[in-house]
file target20.txt (compact mmCIF, C-alpha atoms and all ligand atoms)
# COMPACT_ATOMS: atom_id res chain seq x y z
CA MET A 13 90.98 70.67 132.35
CA ASP A 14 93.29 70.31 129.34
CA THR A 15 92.59 72.31 126.17
CA GLU A 16 91.50 69.30 124.13
CA LEU A 17 88.92 68.26 126.72
CA ALA A 18 87.72 71.86 127.10
CA MET A 19 87.13 72.13 123.33
CA LYS A 20 85.30 68.80 123.36
CA THR A 21 83.11 70.05 126.21
CA LEU A 22 82.39 73.26 124.29
CA ARG A 23 81.25 71.26 121.25
CA HIS A 24 79.00 69.17 123.50
CA TRP A 25 77.47 72.29 125.11
CA ILE A 26 76.91 73.86 121.66
CA ASN A 27 75.22 70.69 120.42
CA GLU A 28 72.84 70.73 123.40
CA SER A 29 71.92 74.44 123.38
CA GLU A 30 69.57 76.56 121.33
CA ASN A 31 70.31 79.87 123.01
CA ILE A 32 73.93 80.83 122.59
CA VAL A 33 75.32 84.36 122.50
CA PHE A 34 78.82 85.21 121.33
CA PHE A 35 80.70 88.27 122.57
CA GLY A 36 84.00 88.93 120.81
CA GLY A 37 86.81 91.30 120.09
CA ALA A 38 89.79 91.94 117.87
CA GLY A 39 91.22 88.42 118.38
CA VAL A 40 88.33 87.04 116.31
CA SER A 41 89.73 88.76 113.23
CA THR A 42 93.49 88.17 113.62
CA GLU A 43 93.13 84.94 111.61
CA SER A 44 91.73 87.14 108.82
CA GLY A 45 94.94 89.18 108.85
CA ILE A 46 93.64 92.14 110.90
CA PRO A 47 95.96 92.87 113.84
CA ASP A 48 94.46 93.22 117.31
CA PHE A 49 95.65 95.79 119.85
CA ARG A 50 97.09 93.68 122.67
CA GLY A 51 97.89 90.27 121.16
CA THR A 52 101.49 89.23 120.44
CA ASP A 53 101.43 90.74 116.93
CA GLY A 54 99.04 93.50 117.99
CA LEU A 55 99.39 97.20 117.29
CA TYR A 56 100.79 97.83 120.78
CA ASN A 57 103.78 95.70 119.80
CA GLN A 58 104.40 97.55 116.55
CA GLU A 59 106.49 100.68 116.13
CA TYR A 60 104.25 103.74 116.19
CA LYS A 61 104.55 107.25 117.54
CA TYR A 62 101.50 106.96 119.85
CA PRO A 63 99.68 104.00 121.41
CA PRO A 64 96.68 103.03 119.23
CA GLU A 65 94.17 104.02 121.87
CA THR A 66 95.60 107.55 121.98
CA ILE A 67 95.12 107.93 118.24
CA VAL A 68 91.68 106.37 118.15
CA SER A 69 90.36 108.84 120.69
CA ARG A 70 88.01 111.78 120.39
CA ASN A 71 90.63 114.19 121.66
CA PHE A 72 93.26 113.06 119.15
CA TYR A 73 90.72 113.14 116.32
CA VAL A 74 89.76 116.72 117.01
CA ASN A 75 93.34 117.95 117.33
CA ASN A 76 95.26 115.82 114.79
CA LEU A 77 92.97 115.15 111.83
CA HIS A 78 95.71 114.33 109.31
CA GLU A 79 97.52 111.91 111.61
CA PHE A 80 94.27 110.24 112.65
CA TYR A 81 93.23 109.54 109.06
CA SER A 82 96.70 108.35 108.12
CA PHE A 83 96.68 105.79 110.98
CA TYR A 84 93.08 104.88 110.30
CA ARG A 85 93.71 104.18 106.61
CA ASN A 86 96.97 102.27 107.21
CA LYS A 87 96.13 100.29 110.33
CA MET A 88 92.38 99.96 110.57
CA LEU A 89 91.08 99.51 107.05
CA PHE A 90 91.57 96.07 105.50
CA PRO A 91 89.57 96.05 102.26
CA ASP A 92 90.80 92.56 101.29
CA ALA A 93 90.09 90.82 104.63
CA LYS A 94 87.80 87.80 104.46
CA PRO A 95 85.89 86.02 107.25
CA ASN A 96 87.79 83.16 108.90
CA ALA A 97 86.67 79.86 110.42
CA ALA A 98 85.37 81.55 113.59
CA HIS A 99 83.15 84.05 111.73
CA LEU A 100 81.84 81.30 109.44
CA GLU A 101 81.02 78.90 112.27
CA LEU A 102 79.17 81.61 114.22
CA ALA A 103 77.13 82.43 111.11
CA ARG A 104 76.34 78.74 110.65
CA LEU A 105 75.20 78.42 114.27
CA GLU A 106 72.85 81.37 113.80
CA LYS A 107 71.41 79.84 110.62
CA ILE A 108 70.59 76.55 112.34
CA GLY A 109 68.89 78.45 115.18
CA LYS A 110 71.41 77.91 117.96
CA LEU A 111 73.09 81.29 118.15
CA LYS A 112 70.88 84.26 118.96
CA ALA A 113 73.32 87.15 118.68
CA VAL A 114 76.88 88.17 117.98
CA ILE A 115 78.00 91.12 120.06
CA THR A 116 81.25 92.49 118.74
CA GLN A 117 83.75 95.15 119.66
CA ASN A 118 85.12 94.83 116.13
CA ILE A 119 84.53 97.41 113.48
CA ASP A 120 85.56 95.32 110.46
CA GLY A 121 82.15 93.97 109.36
CA LEU A 122 83.49 90.41 108.94
CA HIS A 123 80.64 88.78 110.89
CA GLN A 124 78.11 90.19 108.42
CA MET A 125 80.35 89.21 105.50
CA ALA A 126 80.31 85.64 106.87
CA GLY A 127 76.50 85.67 106.91
CA SER A 128 75.65 86.60 110.51
CA GLU A 129 72.52 88.74 110.69
CA ASN A 130 71.91 89.56 114.32
CA VAL A 131 75.13 91.46 114.98
CA TYR A 132 75.47 94.20 117.60
CA GLU A 133 78.45 96.34 116.67
CA ILE A 134 79.00 98.15 119.93
CA HIS A 135 81.99 100.12 118.58
CA GLY A 136 80.49 100.86 115.16
CA SER A 137 81.79 99.94 111.71
CA VAL A 138 84.40 101.12 109.24
CA HIS A 139 81.88 100.42 106.50
CA ARG A 140 79.72 103.41 107.46
CA ASN A 141 81.15 106.91 107.24
CA TYR A 142 79.04 110.04 107.62
CA CYS A 143 79.45 113.63 106.53
CA LEU A 144 79.39 115.66 109.73
CA ARG A 145 77.51 118.43 107.94
CA CYS A 146 74.88 116.82 105.66
CA HIS A 147 75.02 113.20 106.99
CA THR A 148 75.55 111.59 103.57
CA CYS A 149 76.86 108.05 104.09
CA PHE A 150 79.98 106.70 102.36
CA ASP A 151 81.64 103.28 102.29
CA ALA A 152 85.22 102.47 103.35
CA SER A 153 86.59 102.73 99.80
CA TYR A 154 85.57 106.40 99.78
CA ILE A 155 87.83 107.04 102.80
CA LEU A 156 90.66 105.13 101.11
CA SER A 157 90.42 107.34 98.02
CA PHE A 158 91.68 110.39 99.96
CA ASP A 159 95.22 111.19 101.14
CA GLY A 160 94.19 113.51 103.94
CA PRO A 161 90.90 113.95 105.83
CA PRO A 162 88.02 112.90 103.52
CA SER A 163 85.54 115.54 102.42
CA CYS A 164 81.93 115.01 101.40
CA SER A 165 81.23 114.88 97.64
CA GLU A 166 77.86 116.58 98.28
CA CYS A 167 78.70 119.52 100.52
CA GLY A 168 82.45 119.47 101.24
CA GLY A 169 81.95 118.68 104.95
CA LEU A 170 84.31 116.39 106.87
CA VAL A 171 83.46 112.66 106.61
CA LYS A 172 83.90 110.75 109.89
CA PRO A 173 83.89 106.97 110.35
CA ASP A 174 80.92 105.60 112.30
CA VAL A 175 83.36 104.20 114.82
CA VAL A 176 83.13 104.89 118.54
CA LEU A 177 86.35 106.66 119.50
CA TYR A 178 87.71 106.47 123.04
CA GLY A 179 86.01 109.31 124.88
CA GLU A 180 82.79 108.99 122.86
CA SER A 181 79.68 107.24 124.13
CA LEU A 182 78.29 103.96 122.86
CA ASP A 183 74.90 103.77 121.21
CA GLN A 184 72.38 103.13 124.01
CA ASP A 185 70.01 100.97 121.94
CA THR A 186 72.88 98.68 120.91
CA ILE A 187 74.04 98.38 124.53
CA ASN A 188 70.52 97.58 125.74
CA ALA A 189 69.97 94.93 123.07
CA SER A 190 73.37 93.36 123.82
CA ILE A 191 72.70 93.20 127.56
CA GLU A 192 69.24 91.74 126.99
CA ALA A 193 70.67 88.98 124.76
CA ILE A 194 73.35 88.17 127.36
CA GLU A 195 70.83 88.10 130.23
CA LYS A 196 68.62 85.64 128.35
CA CYS A 197 71.20 83.21 126.91
CA ASP A 198 72.14 79.73 128.15
CA ILE A 199 75.71 79.80 126.93
CA LEU A 200 77.81 82.94 126.68
CA ILE A 201 80.92 82.42 124.58
CA VAL A 202 83.43 85.24 125.00
CA GLY A 203 86.31 85.11 122.56
CA GLY A 204 89.30 87.00 121.17
CA THR A 205 89.10 89.88 123.59
CA SER A 206 91.47 91.02 126.30
CA LEU A 207 88.39 92.27 128.20
CA THR A 208 90.17 95.50 129.06
CA VAL A 209 88.04 98.00 127.16
CA TYR A 210 85.35 99.73 129.24
CA PRO A 211 82.35 99.53 129.20
CA ALA A 212 82.29 96.46 126.91
CA ASN A 213 84.16 94.33 129.46
CA GLY A 214 81.29 94.87 131.94
CA PHE A 215 78.83 93.04 129.67
CA ILE A 216 80.02 89.69 130.96
CA ASN A 217 78.58 90.56 134.41
CA TYR A 218 75.04 90.43 133.03
CA TYR A 219 75.29 86.72 132.28
CA LYS A 220 73.21 84.67 134.73
CA GLY A 221 73.85 81.10 133.55
CA ASP A 222 76.43 78.47 134.38
CA LYS A 223 78.10 78.05 130.99
CA LEU A 224 80.41 81.01 130.58
CA VAL A 225 83.06 80.08 128.02
CA LEU A 226 86.22 82.17 127.64
CA ILE A 227 88.37 81.55 124.56
CA ASN A 228 91.48 83.68 124.30
CA LYS A 229 95.08 83.01 123.36
CA THR A 230 96.34 84.90 126.41
CA PRO A 231 94.96 85.11 129.97
CA THR A 232 92.40 87.77 130.92
CA GLU A 233 91.29 89.18 134.26
CA TYR A 234 88.08 87.20 133.92
CA ASP A 235 89.65 83.74 133.58
CA ASP A 236 88.75 82.84 137.17
CA ILE A 237 85.00 83.22 136.62
CA ALA A 238 84.86 81.13 133.42
CA ASP A 239 83.03 77.80 133.58
CA LEU A 240 85.10 76.70 130.61
CA LEU A 241 88.46 78.27 129.78
CA ILE A 242 90.31 77.75 126.50
CA HIS A 243 93.67 79.39 125.87
CA ASP A 244 93.91 78.72 122.17
CA SER A 245 92.84 79.97 118.75
CA ILE A 246 89.21 80.99 118.51
CA GLY A 247 88.84 79.45 115.05
CA LYS A 248 90.21 76.14 116.29
CA ALA A 249 88.07 76.13 119.44
CA LEU A 250 84.82 76.94 117.64
CA THR A 251 85.30 74.34 114.92
CA TYR A 252 86.67 71.55 117.12
CA GLY A 253 84.93 68.23 116.44
CA LEU A 254 83.16 69.34 113.24
P1 LIG J 1 92.58 93.39 122.27
O1 LIG J 1 93.57 93.66 121.20
O2 LIG J 1 92.68 94.16 123.52
O3 LIG J 1 92.65 91.85 122.67
C1 LIG J 1 92.60 90.83 121.71
C2 LIG J 1 92.81 89.52 122.44
O4 LIG J 1 92.61 88.47 121.51
C3 LIG J 1 94.23 89.35 123.00
O5 LIG J 1 94.13 89.04 124.37
C4 LIG J 1 94.83 88.21 122.18
O6 LIG J 1 95.64 87.35 122.97
C5 LIG J 1 93.60 87.47 121.71
N1 LIG J 1 93.75 86.81 120.41
C6 LIG J 1 94.40 87.27 119.30
N2 LIG J 1 94.24 86.43 118.29
C7 LIG J 1 93.49 85.40 118.76
C8 LIG J 1 92.99 84.20 118.19
N3 LIG J 1 93.22 83.90 116.91
N4 LIG J 1 92.27 83.36 118.96
C9 LIG J 1 92.01 83.66 120.28
N5 LIG J 1 92.47 84.78 120.88
C10 LIG J 1 93.18 85.64 120.12
O7 LIG J 1 91.15 93.49 121.59
P2 LIG J 1 89.74 93.91 122.21
O8 LIG J 1 89.57 93.33 123.56
O9 LIG J 1 88.75 93.67 121.17
O10 LIG J 1 89.88 95.48 122.42
C11 LIG J 1 90.46 96.28 121.42
C12 LIG J 1 89.61 97.41 120.86
O11 LIG J 1 90.13 97.76 119.58
C13 LIG J 1 88.18 97.03 120.63
O12 LIG J 1 87.44 98.12 121.04
C14 LIG J 1 88.05 96.87 119.11
O13 LIG J 1 86.93 97.58 118.65
C15 LIG J 1 89.23 97.60 118.52
N6 LIG J 1 89.89 96.83 117.43
C16 LIG J 1 89.10 96.26 116.47
C17 LIG J 1 89.69 95.52 115.45
C18 LIG J 1 88.80 94.90 114.40
O14 LIG J 1 87.72 95.42 114.12
N7 LIG J 1 89.20 93.77 113.81
C19 LIG J 1 91.09 95.37 115.40
C20 LIG J 1 91.85 95.99 116.42
C21 LIG J 1 91.24 96.71 117.43
call {"tool": "encode", "arguments": {"input": "target20.txt", "output": "structure tokens"}}
result
Amino acid sequence: MDTELAMKTLRHWINESENIVFFGGAGVSTESGIPDFRGTDGLYNQEYKYPPETIVSRNFYVNNLHEFYSFYRNKMLFPDAKPNAAHLELARLEKIGKLKAVITQNIDGLHQMAGSENVYEIHGSVHRNYCLRCHTCFDASYILSFDGPPSCSECGGLVKPDVVLYGESLDQDTINASIEAIEKCDILIVGGTSLTVYPANGFINYYKGDKLVLINKTPTEYDDIADLLIHDSIGKALTYGL
């Protein structure tokens, strides 16, 4: 099926359904100016001493605090980023009762900024940062106000982003709610994710319906099982025909 026809079919399916779930990744936010990891302009294709997944790991965090926070501030915090067409359309679909949940691997908070309410952030959020000692919560601008590792204004403890690092476990309640939403939906739209990060990539296996839509600029290992496959921009695909 050509891309144009696939996008037309997607719009038709969306129009007919009242139980859609969206599962996305970093590709959803590239059109907001936030680089992904594995896309053409992603962090893997930029000059850096270590691969991003090495830096954003528990082990690296514990052993290289200064370098972690420097990377985190420079490459993962985008205080001026705004929701793009994809975020806005997903929020609109939720408002009119069609979309039941957004499950995201992203940590940028752009779905909520667009107006989505039922968002499962399986990898956490840069907008929540906790003191490891007294648990006081800080926003992202607090982290940006430091040069080195941020310390708590209340007790001096180290402030850590509420982001799931590689090697840390995901929140079980968030996983359960995400799986339940996927099991119950009619249409599962998966977009802007390379589907390489475990265990998030396994979520797709819980879908029981016959309308699995994959939207990604580049091929993924799951392309063969998609009922509708779109290799194009997520913003374009989700707003086609509006
Ligand atoms: P990934 O970088 O592995 O894959 C992103 C995919 O999106 C690529 O295959 C790319 O071809 C595709 N893509 C890029 N722009 C697109 C667009 N406009 N339309 C359609 N497809 C597009 O990302 P991932 O699978 O989410 O895994 C990376 C991990 O890194 C995740 O755990 C995520 O939490 C984290 N991460 C998050 C952000 C963010 O919060 N915005 C940014 C970078 C990385």
call {"tool": "atom_distance", "arguments": {"input": "target20.txt", "atom1": "atom CA of A:Met19", "atom2": "atom O5 of ligand LIG 1 (chain J)"}}
result
18.3 Å
call {"tool": "residues_around", "arguments": {"input": "target20.txt", "residues": "stretch 26-31 of chain A", "least_positions_apart": "3", "cutoff": "8 Å", "atoms": "all atoms listed in the file", "output": "PyMOL selection string"}}
result
chain A and resi 22-23+109-112+197-199
call {"tool": "write_last_selection", "arguments": {"input": "target20.txt", "atoms": "C-alpha atoms", "output": "PDB file, in the frame of the given file"}}
result
ATOM      1  CA  LEU A  22      82.390  73.260 124.290  1.00  0.00           C
ATOM      2  CA  ARG A  23      81.250  71.260 121.250  1.00  0.00           C
ATOM      3  CA  GLY A 109      68.890  78.450 115.180  1.00  0.00           C
ATOM      4  CA  LYS A 110      71.410  77.910 117.960  1.00  0.00           C
ATOM      5  CA  LEU A 111      73.090  81.290 118.150  1.00  0.00           C
ATOM      6  CA  LYS A 112      70.880  84.260 118.960  1.00  0.00           C
ATOM      7  CA  CYS A 197      71.200  83.210 126.910  1.00  0.00           C
ATOM      8  CA  ASP A 198      72.140  79.730 128.150  1.00  0.00           C
ATOM      9  CA  ILE A 199      75.710  79.800 126.930  1.00  0.00           C
TER      10      ILE A 199
END
call {"tool": "axis_aligned_box", "arguments": {"input": "target20.txt", "around": "ligand LIG 1 (chain J)", "padding_each_side": "6 Å", "output": "AutoDock Vina command-line options"}}
result
--center_x 91.3 --center_y 90.7 --center_z 119.1 --size_x 20.7 --size_y 26.8 --size_z 22.6
call {"tool": "residues_near_ligand", "arguments": {"input": "target20.txt", "ligand": "ligand LIG 1 (chain J)", "cutoff": "7 Å", "atoms": "all atoms listed in the file", "output": "PyMOL selection string"}}
result
chain A and resi 36-43+46-52+54+88+117-120+135+203-209+227-232+244-247
call {"tool": "residues_near_point", "arguments": {"input": "target20.txt", "point": "(78.1, 105.9, 102.5)", "cutoff": "6 Å", "atoms": "all atoms listed in the file", "output": "number ranges by chain"}}
result
A: 140-141, 149-151
call {"tool": "closest_residue", "arguments": {"input": "target20.txt", "among": "A:Glu101, A:Asp53, A:Glu180, A:Asp159", "to": "A:Val74", "atoms": "all atoms listed in the file"}}
result
A:Glu180
call {"tool": "residues_around", "arguments": {"input": "target20.txt", "residues": "stretch 123-132 of chain A", "least_positions_apart": "3", "cutoff": "7 Å", "atoms": "all atoms listed in the file", "output": "list of chain:residue names"}}
result
A:Pro95, A:His99, A:Leu100, A:Ala103, A:Glu106, A:Ala113, A:Val114, A:Ile115, A:Thr116, A:Thr186, A:Ser190
call {"tool": "atom_distance", "arguments": {"input": "target20.txt", "atom1": "atom CA of A:Arg145", "atom2": "atom CA of A:Gly121"}}
result
24.9 Å
call {"tool": "closest_residue", "arguments": {"input": "target20.txt", "among": "A:Leu226, A:Phe83, A:His243, A:Tyr252", "to": "A:Pro63", "atoms": "all atoms listed in the file"}}
result
A:Phe83
call {"tool": "atom_distance", "arguments": {"input": "target20.txt", "atom1": "atom CA of A:Gly214", "atom2": "atom CA of A:Tyr234"}}
result
10.4 Å
call {"tool": "residues_near_point", "arguments": {"input": "target20.txt", "point": "(92.6, 116.3, 107.7)", "cutoff": "10 Å", "atoms": "only C-alpha atoms", "output": "count of residues only"}}
result
18
call {"tool": "closest_residue", "arguments": {"input": "target20.txt", "among": "A:Leu17, A:Val175, A:Ala98, A:Val138", "to": "A:Val68", "atoms": "all atoms listed in the file"}}
result
A:Val175
call {"tool": "closest_residue", "arguments": {"input": "target20.txt", "among": "A:Ser137, A:Thr15, A:Thr66, A:Gln58", "to": "A:Val176", "atoms": "all atoms listed in the file"}}
result
A:Ser137
call {"tool": "closest_residue", "arguments": {"input": "target20.txt", "among": "A:Ile67, A:Val33, A:Leu105, A:Ala93", "to": "A:Ile216", "atoms": "all atoms listed in the file"}}
result
A:Val33
call {"tool": "closest_residue", "arguments": {"input": "target20.txt", "among": "A:Leu177, A:Ile187, A:Leu200, A:Ala212", "to": "A:Trp25", "atoms": "only C-alpha atoms"}}
result
A:Leu200
